[in-house]
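Colleague: Attaching a single structure in structure tokens format; questions to follow.
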There are 4 protein chains.
Amino acid sequence: MTILEHYLDTRHYTEQLCKHLQPEDYTPQSAVFSSPPKWHIAHTTWFFEEMILKEFLPNYKVFDDSYGYLFNSYYNSLGERLKRENRGLITRPNHQTIFEYRAHVDAHMSELLKQETSENLWKLTILGINHEQQHQELILTDLKYTFSHNPTYPKFWNRNLIDNTSPDAGWLSVEEGIFQIGYKGDGFCFDNELGRHRVFLESFEISKSLVTNAEYIDFMNDDGYNNPDYWLDEGWDWIQNQKIKTPLYWKQKESLWHHYTLSGLQPVDPDHSITHISYYEAFAFAQWAGCRLPTEFEWEVASKQLVWGERWEWTNSAYLPYPQFKIAEGAIGEYNGKFMSNQMVLRGASTATSKNHSRNTYRNFFQPNTRWQFSGIRLAK
Amino acid sequence: MTILEHYLDTRHYTEQLCKHLQPEDYTPQSAVFSSPPKWHIAHTTWFFEEMILKEFLPNYKVFDDSYGYLFNSYYNSLGERLKRENRGLITRPNHQTIFEYRAHVDAHMSELLKQETSENLWKLTILGINHEQQHQELILTDLKYTFSHNPTYPKFWNRNLIDNTSPDAGWLSVEEGIFQIGYKGDGFCFDNELGRHRVFLESFEISKSLVTNAEYIDFMNDDGYNNPDYWLDEGWDWIQNQKIKTPLYWKQKESLWHHYTLSGLQPVDPDHSITHISYYEAFAFAQWAGCRLPTEFEWEVASKQLVWGERWEWTNSAYLPYPQFKIAEGAIGEYNGKFMSNQMVLRGASTATSKNHSRNTYRNFFQPNTRWQFSGIRLAK
Amino acid sequence: MTILEHYLDTRHYTEQLCKHLQPEDYTPQSAVFSSPPKWHIAHTTWFFEEMILKEFLPNYKVFDDSYGYLFNSYYNSLGERLKRENRGLITRPNHQTIFEYRAHVDAHMSELLKQETSENLWKLTILGINHEQQHQELILTDLKYTFSHNPTYPKFWNRNLIDNTSPDAGWLSVEEGIFQIGYKGDGFCFDNELGRHRVFLESFEISKSLVTNAEYIDFMNDDGYNNPDYWLDEGWDWIQNQKIKTPLYWKQKESLWHHYTLSGLQPVDPDHSITHISYYEAFAFAQWAGCRLPTEFEWEVASKQLVWGERWEWTNSAYLPYPQFKIAEGAIGEYNGKFMSNQMVLRGASTATSKNHSRNTYRNFFQPNTRWQFSGIRLAK
Amino acid sequence: MTILEHYLDTRHYTEQLCKHLQPEDYTPQSAVFSSPPKWHIAHTTWFFEEMILKEFLPNYKVFDDSYGYLFNSYYNSLGERLKRENRGLITRPNHQTIFEYRAHVDAHMSELLKQETSENLWKLTILGINHEQQHQELILTDLKYTFSHNPTYPKFWNRNLIDNTSPDAGWLSVEEGIFQIGYKGDGFCFDNELGRHRVFLESFEISKSLVTNAEYIDFMNDDGYNNPDYWLDEGWDWIQNQKIKTPLYWKQKESLWHHYTLSGLQPVDPDHSITHISYYEAFAFAQWAGCRLPTEFEWEVASKQLVWGERWEWTNSAYLPYPQFKIAEGAIGEYNGKFMSNQMVLRGASTATSKNHSRNTYRNFFQPNTRWQFSGIRLAK
């Protein structure tokens, strides 16, 4: 597959996702952290326009002067931008106009990728493709969060994102040793995976399977949300203040647990992997179970012998730079490094992750109270 | 005009307003106080369904069971409802479905109004019509507030709501005396206009004209927003905390004052009446001008000799019950009475007020920091 | 009694109150609205120094340059000042130093009042005396509020502020007519009582007695705090958000109602007048009782035939200027007028009000959710 | 020194610190995180009473039943407690009573330590001593924070906590290898230092000296607080929202930098080590300087060759459990482990740390925006 084909495939998949949207679904924003679909499909397009076309394609004319302001996410070096909390108020340009914007950028990217082949262009294009894949996952999770506020439980599609892979039960043992951590190879990775380095790990055991809904319900039934012994202090305050007693999206209906899904309200399947839980809840579950969460290094080392990819798995590692990590010059430098505080690393991928967007060195990261991603638990000891 | 014609005319005007909307404009909510168009057009429809059809039309079947939850505004006696701040997240039902809902209710209202003529039905229908007219004004003001957050200044239409009526300058003198206050007649009025009663007024003078933009700019240029002497204590705190230095929607562009209107960003016309100001600003302007605001009683007494209707005019009267005001039984009792605290009365009407929806006994009311209505200033002394 | 004697008597009474304080009681502040004793005794002293001694006594030297910053309450025209919420952090100057400050100012005031007799000096001194009397009441109510946060229920003294005067039951009828409202006479009054003017009142009835604890418990037992029908919309939100189910300071102990008093936790006496309730609660009680609250005009007119002074009585009048009310020039102008928004008038006085500080034209005022004053209910219909 | 002598010495030092306090200084609380002196001296006493005397001394009677509620800090397993934000409102018991409480507990601890010598008693007593030493440092830092809100800059004492040790300049190089991390020995350490384990470190260099005020002023003068490139995203938001432009306690006076100290307002000495800065500021400074902060493991390995103890040194390590860390059973288990989220590790000690309370394995921890401790910067690369 040429890079142009890869580009067009990725762009096309975003548009396939949008087939399930009605015009009114494109705009609203249900939380500061959860952006509207229109913003995602415009922002990923702006990324190619801003980082590539303006730089590489002579005489390129931007589609609309105001889009830099509207669709910049968080790049301080690229100027003023719309306040993040106001993304849901931008009804115009409407979604048709944004699809014209996408077509405009795609046409020029195609023209460019046919004529030029510099390594720098290649690198930025691959970055833009991976960036768009990240936003494909966010389109699904953000929309789910917005739809969940609608008491009629709208259906996005009739499809089940939760495919339980039912791996073997039991524990995998790993012997102590020095291990290489971080990405190695010729393919794409994000800058935060670089700085390959050695880590010493004591011997450990890691579970072959993810925690299931049934196991989590046991924790709930054993007063898990009411016993401070299991919880980090901040986690305990958080569940008290937010009155949290279940994973996100769970509701009891005629005494049975249901959860909102992109296919509407569904009964909770006890054999499926628990999802939409915070680090605080993952930590408390592990305490209750007499275990702990793995570190991101243990996870990476064990990953070759694990079945993974169904849930983003909370690790007990804070999101911090690897040795020799350097923040890149310019706007690209704002992609990852500046978020390295107060976040925990998640490893793996989820059922909502786009194809070809997983690596066992991938470092996802969220604040410990984050729940709207497809996050789950794997135990260690 | 029969009541059915009046009903259909009113409903039709709402739909005329919607002609200017794109699908994505129907949903977003820019503030707790500012509801989306779709909510307005569904809520006014729900009002007829809930208060009239369910009561008067035998075997009436509600269009959709979930709409009572979605489109109840604040009637505690009518059960649980969507949280007000979540109105902007209801992308579905979409606007087409809501227009079907409107058609369904209109068909049944027509059927009912052709066959039954009880006084109680007449009264509730007239109330529903006036209720819809109130929301017609809100559709315009709420949408203006939402669009104002869009840095591209969208145009709703190409029309100017601000028709300056240029009345005579000068002061109208009214001699002291006992006056009747409140509605009298056979037409419609809201319950808060009833309890007609006598009020003694000392002699006063009231301005024949509204304060203009030019006069307000004088106040601004004379450090009006920086001198605490002119301001109520709460008003001073409010402009400090919110960093307020101008009326709502004003922006300086190449050193000229512009303001956002439903026809886009426009230069401020010095001869037009000032609008989109709070009670705090109206009070401060009056202090600066060495005058005061009229009470609602002075306004009502003088109104027959005044040109009014262009701006909602802040009075110096708190929104409180007239003697003998009684809160009605049932849901209708929640229409007005429960809001009688911490609000100030505005009299008159505005360029956004629907035709046939003005009376000189009409009591509009808002918190003193409210600015998104077409509010203005008339001085007294 | 000469004005000097009046001055010294008032100052002496403040110090008598302080006899019940331990050094650590002088400093803490339990809410923005509730100031520490040391601040009160310094601020009232600063008032004489700033408004009188600096003006009238040649060569007067201020006791300490920093006190203008520390002990100015809210006078914008007198310069920068300590943030109100930080009053409880000022451990130094300690209370002994403040008593030296009081002695210093008293000595100079005595010197001044012996030698000069201008009307302006007399007026400002009387204002300063009344100002100190207001703060005497606040010393008690603010301290009660602070002590109430201490789970050991400290005793300030062994004294009962609640002397029930048991007036006759029944209703007083007043016939319609034009009445004079506002202060008239040669004595002292605040500027907000001036602008004596005529008011027309329809006939009304007003209760001879205040609502008792027993009556209020009936309201509570009849689900008064759980039925939105009785409540103003803002009041309902307030009791929901604050989880309010009783008057301030009430606690159930072995199923009996107790309340915290300055003499510790005491059983609620059913025959005593209800106190420490907000306007919202007074309004809801009146709705439940099928009555209403009197306006401040009705109260003033009826007052000559009523026993009053035990509770500040909430009226159904907003705190607004009388006709012809003018804000005075200079700092004194900030005393009352700038607070005329979002507050309700209370009439009468309370058991905590200093002697010689009551008038039937006195207008006290607080936000409708205020409860830490000795506020009560008198019904009208 | 016997354990009893060690106990009495420690208790005595706390009381020595209190010699500088006036009665009113004992109570106020200037922030949720900053407790009043009286609370500290009572809480440390309660720790011995609750954890030791109630358990080990037969027939021990608690001094006052209410103190368990008043002076428990955060032990959920020991029952309900005063809300943390209300500590500054507890004027009674007064400080004299608390000193009686201390004497009562000291007498019984002396009795107990003379008669019993079990290892468990020894361990808990040593823990209580170290706990009291931690609070000795907090008495100083919390009081400094409270006093800093007083515009008269009170002096706690006439002493300088800032003794610059002026170590050599230059970098210390450490070769890569596997290192043992964590406490080893027979003395006391906290549970979070246990779980001694191996860590692999790549080669690194660490500065022999701490960053000075002069160097930090260079950063400030080079627009350090205005350039987002240097800052973590959360740090940038924090300095924008809080309008932070300098270290805590700094003020410009006649264009010279001063800082508030426990000896009043003093000029900033350019040669002293920078202090009272957050992790965010430490990170930004390091970015600006082209370096980074050391990890806690690098720090511990290098520490034997460093001069340290003047500042708590921010590391680039999140506060997380060592391998095999186990939360202890019972109340003691709440001492450290439950705080392992969203905090960064500081190593070393400060000029305010009590004698004999430092170890190179000691792990102090605070949120990244914390500034009221004597925190400083050591660079690595």
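Each chain in the structure tokens gets a letter, A, B, ..., in the order shown, and its residues are numbered from 1; ligands are numbered from 1 in order too.
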Neighbours of Ser341 (chain C) within 12 Å (only C-alpha atoms; same-chain residues fewer than 3 positions away dropped), as a PyMOL selection string?

Modeller: (chain B and resi 231-236+279-280+283+316-319+341-344+367-369) or (chain C and resi 317-321+336-338+344-345+365-368)

Colleague: Using DSSP on the backbone, list every residue of region 88-302 of chain B that comes out as strand (DSSP E or B), and give them as a VMD selection string.

Modeller: chain B and resid 171 to 174 177 to 181 197 to 201 204 to 207 212 250 to 253 256 to 261 264 to 267 273 292

Colleague: Please produce a file of those selected residues containing C-alpha atoms, as a PDB file, in the first residue's frame.

Modeller:
```
ATOM      1  CA  TRP B 171     -39.709  64.969  29.900  1.00  0.00           C
ATOM      2  CA  LEU B 172     -43.291  64.017  30.599  1.00  0.00           C
ATOM      3  CA  SER B 173     -44.600  65.313  33.961  1.00  0.00           C
ATOM      4  CA  VAL B 174     -47.142  63.356  35.963  1.00  0.00           C
ATOM      5  CA  GLY B 177     -52.281  60.971  42.866  1.00  0.00           C
ATOM      6  CA  ILE B 178     -53.850  57.591  43.438  1.00  0.00           C
ATOM      7  CA  PHE B 179     -53.727  55.352  40.372  1.00  0.00           C
ATOM      8  CA  GLN B 180     -55.154  51.982  39.400  1.00  0.00           C
ATOM      9  CA  ILE B 181     -52.466  49.418  38.569  1.00  0.00           C
ATOM     10  CA  HIS B 197     -55.154  47.768  43.007  1.00  0.00           C
ATOM     11  CA  ARG B 198     -54.505  51.368  43.922  1.00  0.00           C
ATOM     12  CA  VAL B 199     -51.086  52.957  44.282  1.00  0.00           C
ATOM     13  CA  PHE B 200     -50.203  56.444  45.460  1.00  0.00           C
ATOM     14  CA  LEU B 201     -47.506  58.136  43.432  1.00  0.00           C
ATOM     15  CA  PHE B 204     -42.564  62.527  38.848  1.00  0.00           C
ATOM     16  CA  GLU B 205     -41.061  63.159  35.439  1.00  0.00           C
ATOM     17  CA  ILE B 206     -40.248  60.483  32.911  1.00  0.00           C
ATOM     18  CA  SER B 207     -38.245  60.747  29.716  1.00  0.00           C
ATOM     19  CA  THR B 212     -29.329  56.122  22.827  1.00  0.00           C
ATOM     20  CA  TRP B 250     -20.075  44.984  21.616  1.00  0.00           C
ATOM     21  CA  LYS B 251     -16.589  44.753  20.158  1.00  0.00           C
ATOM     22  CA  GLN B 252     -14.138  47.370  19.036  1.00  0.00           C
ATOM     23  CA  LYS B 253     -12.913  46.943  15.458  1.00  0.00           C
ATOM     24  CA  LEU B 256     -15.015  51.760  16.039  1.00  0.00           C
ATOM     25  CA  TRP B 257     -17.764  50.176  18.131  1.00  0.00           C
ATOM     26  CA  HIS B 258     -19.511  47.255  16.497  1.00  0.00           C
ATOM     27  CA  HIS B 259     -22.074  44.850  17.874  1.00  0.00           C
ATOM     28  CA  TYR B 260     -23.124  41.391  16.885  1.00  0.00           C
ATOM     29  CA  THR B 261     -26.661  41.240  15.501  1.00  0.00           C
ATOM     30  CA  GLY B 264     -23.904  39.643  11.589  1.00  0.00           C
ATOM     31  CA  LEU B 265     -21.417  42.136  12.994  1.00  0.00           C
ATOM     32  CA  GLN B 266     -22.602  45.717  12.427  1.00  0.00           C
ATOM     33  CA  PRO B 267     -21.361  49.181  13.354  1.00  0.00           C
ATOM     34  CA  SER B 273     -31.520  52.967  21.490  1.00  0.00           C
ATOM     35  CA  ARG B 292     -33.052  57.361  38.317  1.00  0.00           C
TER      36      ARG B 292
END
```

Colleague: Show me, as a list in words, the residues that have an atom within 7 Å of region 78-85 of chain C when counting only C-alpha atoms, minus same-chain residues fewer than 6 positions from it.

Modeller: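 The neighbour list is Val32, Tyr69, Leu70, Asn72 and Ala331 of chain C.
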
Colleague: Measuring atom to atom with only C-alpha atoms, identify which of A:Gly68, A:Gly290, A:Gly376, A:Gly309 is nearest to chain D.

Modeller: A:Gly290

Colleague: Taking the DSSP secondary structure from the backbone, can you list the residues of region 282-375 of chain C that are helix (DSSP H, G or I), as a compact mmCIF listing (two decimals) with all heavy atoms, in the first residue's frame?

Modeller:
```
# COMPACT_ATOMS: atom_id res chain seq x y z
N ALA C 282 -39.48 31.68 55.42
CA ALA C 282 -40.61 32.48 55.89
C ALA C 282 -41.72 32.50 54.83
O ALA C 282 -42.91 32.35 55.14
CB ALA C 282 -40.14 33.90 56.21
N PHE C 283 -41.33 32.65 53.57
CA PHE C 283 -42.29 32.66 52.48
C PHE C 283 -43.01 31.32 52.39
O PHE C 283 -44.24 31.25 52.24
CB PHE C 283 -41.57 32.97 51.16
CG PHE C 283 -42.47 33.00 49.96
CD1 PHE C 283 -43.00 34.21 49.50
CD2 PHE C 283 -42.80 31.84 49.27
CE1 PHE C 283 -43.84 34.25 48.39
CE2 PHE C 283 -43.64 31.87 48.15
CZ PHE C 283 -44.16 33.07 47.72
N ALA C 284 -42.25 30.23 52.46
CA ALA C 284 -42.85 28.89 52.34
C ALA C 284 -43.80 28.63 53.50
O ALA C 284 -44.89 28.07 53.31
CB ALA C 284 -41.75 27.83 52.29
N PHE C 285 -43.39 29.04 54.71
CA PHE C 285 -44.27 28.83 55.85
C PHE C 285 -45.59 29.58 55.64
O PHE C 285 -46.68 29.05 55.87
CB PHE C 285 -43.60 29.31 57.15
CG PHE C 285 -44.50 29.14 58.34
CD1 PHE C 285 -44.50 27.95 59.06
CD2 PHE C 285 -45.37 30.16 58.73
CE1 PHE C 285 -45.35 27.77 60.15
CE2 PHE C 285 -46.23 29.99 59.81
CZ PHE C 285 -46.23 28.80 60.52
N ALA C 286 -45.49 30.82 55.17
CA ALA C 286 -46.70 31.62 54.96
C ALA C 286 -47.60 30.99 53.90
O ALA C 286 -48.83 30.94 54.06
CB ALA C 286 -46.32 33.06 54.57
N GLN C 287 -47.01 30.47 52.82
CA GLN C 287 -47.80 29.79 51.79
C GLN C 287 -48.54 28.60 52.39
O GLN C 287 -49.72 28.37 52.14
CB GLN C 287 -46.88 29.27 50.67
CG GLN C 287 -46.40 30.31 49.70
CD GLN C 287 -47.50 30.81 48.77
OE1 GLN C 287 -47.89 31.97 48.86
NE2 GLN C 287 -48.01 29.94 47.92
N TRP C 288 -47.80 27.82 53.17
CA TRP C 288 -48.37 26.62 53.80
C TRP C 288 -49.53 27.01 54.72
O TRP C 288 -50.54 26.32 54.78
CB TRP C 288 -47.26 25.91 54.57
CG TRP C 288 -47.72 24.80 55.46
CD1 TRP C 288 -48.02 23.52 55.08
CD2 TRP C 288 -47.94 24.87 56.87
NE1 TRP C 288 -48.41 22.78 56.18
CE2 TRP C 288 -48.37 23.59 57.29
CE3 TRP C 288 -47.81 25.89 57.82
CZ2 TRP C 288 -48.67 23.31 58.63
CZ3 TRP C 288 -48.11 25.62 59.14
CH2 TRP C 288 -48.54 24.33 59.54
N GLU C 296 -43.27 45.95 53.94
CA GLU C 296 -42.65 46.81 54.98
C GLU C 296 -43.53 48.00 55.31
O GLU C 296 -43.47 48.52 56.43
CB GLU C 296 -41.24 47.24 54.58
CG GLU C 296 -41.14 48.13 53.36
CD GLU C 296 -39.73 48.77 53.24
OE1 GLU C 296 -39.14 49.19 54.25
OE2 GLU C 296 -39.25 48.88 52.09
N PHE C 297 -44.39 48.39 54.36
CA PHE C 297 -45.27 49.54 54.61
C PHE C 297 -46.40 49.14 55.56
O PHE C 297 -46.74 49.85 56.49
CB PHE C 297 -45.80 50.08 53.29
CG PHE C 297 -44.69 50.34 52.31
CD1 PHE C 297 -44.58 49.63 51.13
CD2 PHE C 297 -43.71 51.29 52.60
CE1 PHE C 297 -43.54 49.85 50.26
CE2 PHE C 297 -42.65 51.52 51.73
CZ PHE C 297 -42.58 50.79 50.55
N GLU C 298 -46.98 47.97 55.29
CA GLU C 298 -48.01 47.46 56.20
C GLU C 298 -47.43 47.32 57.61
O GLU C 298 -48.07 47.68 58.60
CB GLU C 298 -48.52 46.10 55.69
CG GLU C 298 -49.35 46.21 54.41
CD GLU C 298 -49.66 44.87 53.77
OE1 GLU C 298 -48.93 43.89 54.03
OE2 GLU C 298 -50.62 44.81 52.97
N TRP C 299 -46.22 46.79 57.68
CA TRP C 299 -45.60 46.58 58.99
C TRP C 299 -45.44 47.92 59.72
O TRP C 299 -45.80 48.02 60.90
CB TRP C 299 -44.23 45.89 58.81
CG TRP C 299 -43.67 45.40 60.10
CD1 TRP C 299 -43.74 44.14 60.60
CD2 TRP C 299 -42.95 46.18 61.07
NE1 TRP C 299 -43.13 44.07 61.82
CE2 TRP C 299 -42.62 45.30 62.15
CE3 TRP C 299 -42.56 47.51 61.17
CZ2 TRP C 299 -41.93 45.73 63.28
CZ3 TRP C 299 -41.86 47.94 62.30
CH2 TRP C 299 -41.56 47.06 63.34
N GLU C 300 -44.94 48.92 58.99
CA GLU C 300 -44.67 50.21 59.64
C GLU C 300 -45.96 50.85 60.14
O GLU C 300 -46.01 51.39 61.24
CB GLU C 300 -43.92 51.13 58.66
CG GLU C 300 -43.46 52.43 59.29
CD GLU C 300 -42.50 53.21 58.40
OE1 GLU C 300 -41.67 52.56 57.70
OE2 GLU C 300 -42.56 54.45 58.40
N VAL C 301 -46.99 50.73 59.29
CA VAL C 301 -48.28 51.33 59.67
C VAL C 301 -48.87 50.63 60.88
O VAL C 301 -49.38 51.25 61.82
CB VAL C 301 -49.25 51.28 58.46
CG1 VAL C 301 -50.68 51.60 58.89
CG2 VAL C 301 -48.78 52.25 57.38
N ALA C 302 -48.78 49.29 60.90
CA ALA C 302 -49.37 48.53 61.99
C ALA C 302 -48.54 48.55 63.27
O ALA C 302 -49.04 48.24 64.35
CB ALA C 302 -49.60 47.08 61.55
N SER C 303 -47.27 48.92 63.14
CA SER C 303 -46.32 48.68 64.23
C SER C 303 -46.72 49.33 65.54
O SER C 303 -46.41 48.81 66.62
CB SER C 303 -44.92 49.15 63.81
OG SER C 303 -44.94 50.54 63.56
N LYS C 304 -47.40 50.48 65.45
CA LYS C 304 -47.72 51.17 66.71
C LYS C 304 -48.65 50.32 67.56
O LYS C 304 -48.73 50.51 68.77
CB LYS C 304 -48.36 52.53 66.40
CG LYS C 304 -47.31 53.55 65.94
CD LYS C 304 -47.89 54.49 64.90
CE LYS C 304 -46.86 54.82 63.83
NZ LYS C 304 -47.44 55.26 62.57
N GLN C 305 -49.39 49.42 66.94
CA GLN C 305 -50.31 48.57 67.69
C GLN C 305 -49.78 47.16 67.89
O GLN C 305 -50.51 46.28 68.31
CB GLN C 305 -51.66 48.51 66.97
CG GLN C 305 -52.28 49.89 66.76
CD GLN C 305 -53.54 49.79 65.92
OE1 GLN C 305 -54.55 49.23 66.35
NE2 GLN C 305 -53.48 50.32 64.73
N ALA C 331 -17.65 59.10 51.42
CA ALA C 331 -17.65 57.73 51.96
C ALA C 331 -18.97 57.39 52.62
O ALA C 331 -19.46 56.27 52.51
CB ALA C 331 -16.49 57.57 52.94
N ILE C 332 -19.58 58.35 53.32
CA ILE C 332 -20.84 58.07 54.02
C ILE C 332 -21.91 57.61 53.04
O ILE C 332 -22.79 56.82 53.39
CB ILE C 332 -21.28 59.34 54.78
CG1 ILE C 332 -20.31 59.62 55.93
CG2 ILE C 332 -22.71 59.24 55.29
CD1 ILE C 332 -20.23 58.50 56.94
N GLY C 333 -21.80 58.05 51.81
CA GLY C 333 -22.77 57.63 50.80
C GLY C 333 -22.73 56.15 50.50
O GLY C 333 -23.66 55.59 49.91
N GLU C 334 -21.65 55.49 50.89
CA GLU C 334 -21.56 54.04 50.64
C GLU C 334 -22.20 53.22 51.76
O GLU C 334 -22.18 51.99 51.73
CB GLU C 334 -20.08 53.64 50.50
CG GLU C 334 -19.38 54.31 49.33
CD GLU C 334 -17.99 53.73 49.08
OE1 GLU C 334 -17.87 52.50 49.00
OE2 GLU C 334 -17.02 54.53 48.97
N GLY C 337 -26.94 52.88 50.45
CA GLY C 337 -27.59 52.89 49.14
C GLY C 337 -27.08 51.85 48.18
O GLY C 337 -27.84 51.30 47.38
N LYS C 338 -25.81 51.54 48.24
CA LYS C 338 -25.27 50.66 47.20
C LYS C 338 -25.66 49.20 47.39
O LYS C 338 -25.34 48.36 46.56
CB LYS C 338 -23.75 50.81 47.11
CG LYS C 338 -22.93 50.23 48.24
CD LYS C 338 -21.44 50.49 47.96
CE LYS C 338 -20.57 49.90 49.05
NZ LYS C 338 -19.13 50.16 48.83
N PHE C 339 -26.37 48.92 48.48
CA PHE C 339 -26.80 47.54 48.70
C PHE C 339 -28.23 47.27 48.25
O PHE C 339 -28.80 46.24 48.56
CB PHE C 339 -26.62 47.19 50.18
CG PHE C 339 -25.20 47.34 50.63
CD1 PHE C 339 -24.81 48.35 51.49
CD2 PHE C 339 -24.21 46.50 50.12
CE1 PHE C 339 -23.49 48.50 51.87
CE2 PHE C 339 -22.89 46.64 50.48
CZ PHE C 339 -22.52 47.65 51.36
```

Colleague: What are the residues of chain B that have an atom within 6 Å of an atom of chain A, counting only C-alpha atoms, as a VMD selection string?

Modeller: chain B and resid 24 to 25 28 89 to 91 150

Colleague: Quick one: residues within 12 Å of Glu111 (chain C), only C-alpha atoms counted, chain neighbours fewer than 4 positions away excluded, as a list in words?

Modeller: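 The neighbour list is Leu4, Leu53, Phe56, Leu57, Pro58, Tyr60, His104, Val105, Asp106, Ala107, Gln115, Glu116 and Thr117 of chain C.
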
Colleague: The selected residues should be written to file as an mmCIF file, in the first residue's frame (atoms: C-alpha atoms).

Modeller:
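The resulting file, selection05.cif, is reproduced below:
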```cif
data_model
loop_
_atom_site.group_PDB
_atom_site.id
_atom_site.type_symbol
_atom_site.label_atom_id
_atom_site.label_comp_id
_atom_site.auth_asym_id
_atom_site.auth_seq_id
_atom_site.Cartn_x
_atom_site.Cartn_y
_atom_site.Cartn_z
ATOM 1 C CA LEU C 4 -19.883 62.122 74.987
ATOM 2 C CA LEU C 53 -10.703 62.367 64.128
ATOM 3 C CA PHE C 56 -12.027 67.324 63.018
ATOM 4 C CA LEU C 57 -9.121 66.973 65.431
ATOM 5 C CA PRO C 58 -6.152 69.079 64.339
ATOM 6 C CA TYR C 60 -4.463 63.934 65.128
ATOM 7 C CA HIS C 104 -6.349 55.819 71.966
ATOM 8 C CA VAL C 105 -9.351 56.715 69.839
ATOM 9 C CA ASP C 106 -11.642 57.065 72.862
ATOM 10 C CA ALA C 107 -9.230 59.490 74.490
ATOM 11 C CA GLN C 115 -14.162 71.077 72.750
ATOM 12 C CA GLU C 116 -16.227 71.142 69.591
ATOM 13 C CA THR C 117 -19.989 71.079 69.066
#
```

Colleague: Please indicate the distance in Å from CA of Gly182 (chain B) to CA of Trp314 (chain B), rounded to one decimal place.

Modeller: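 The value is 17.7 Å.
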
Colleague: Excluding Ile274 (chain B) and any residue of its chain fewer than 6 positions from it, enumerate the residues within 10 Å of it, using only C-alpha atoms, and give them as a ChimeraX atom specification.

Modeller: /B:210-217,247,268,282,311,374-377
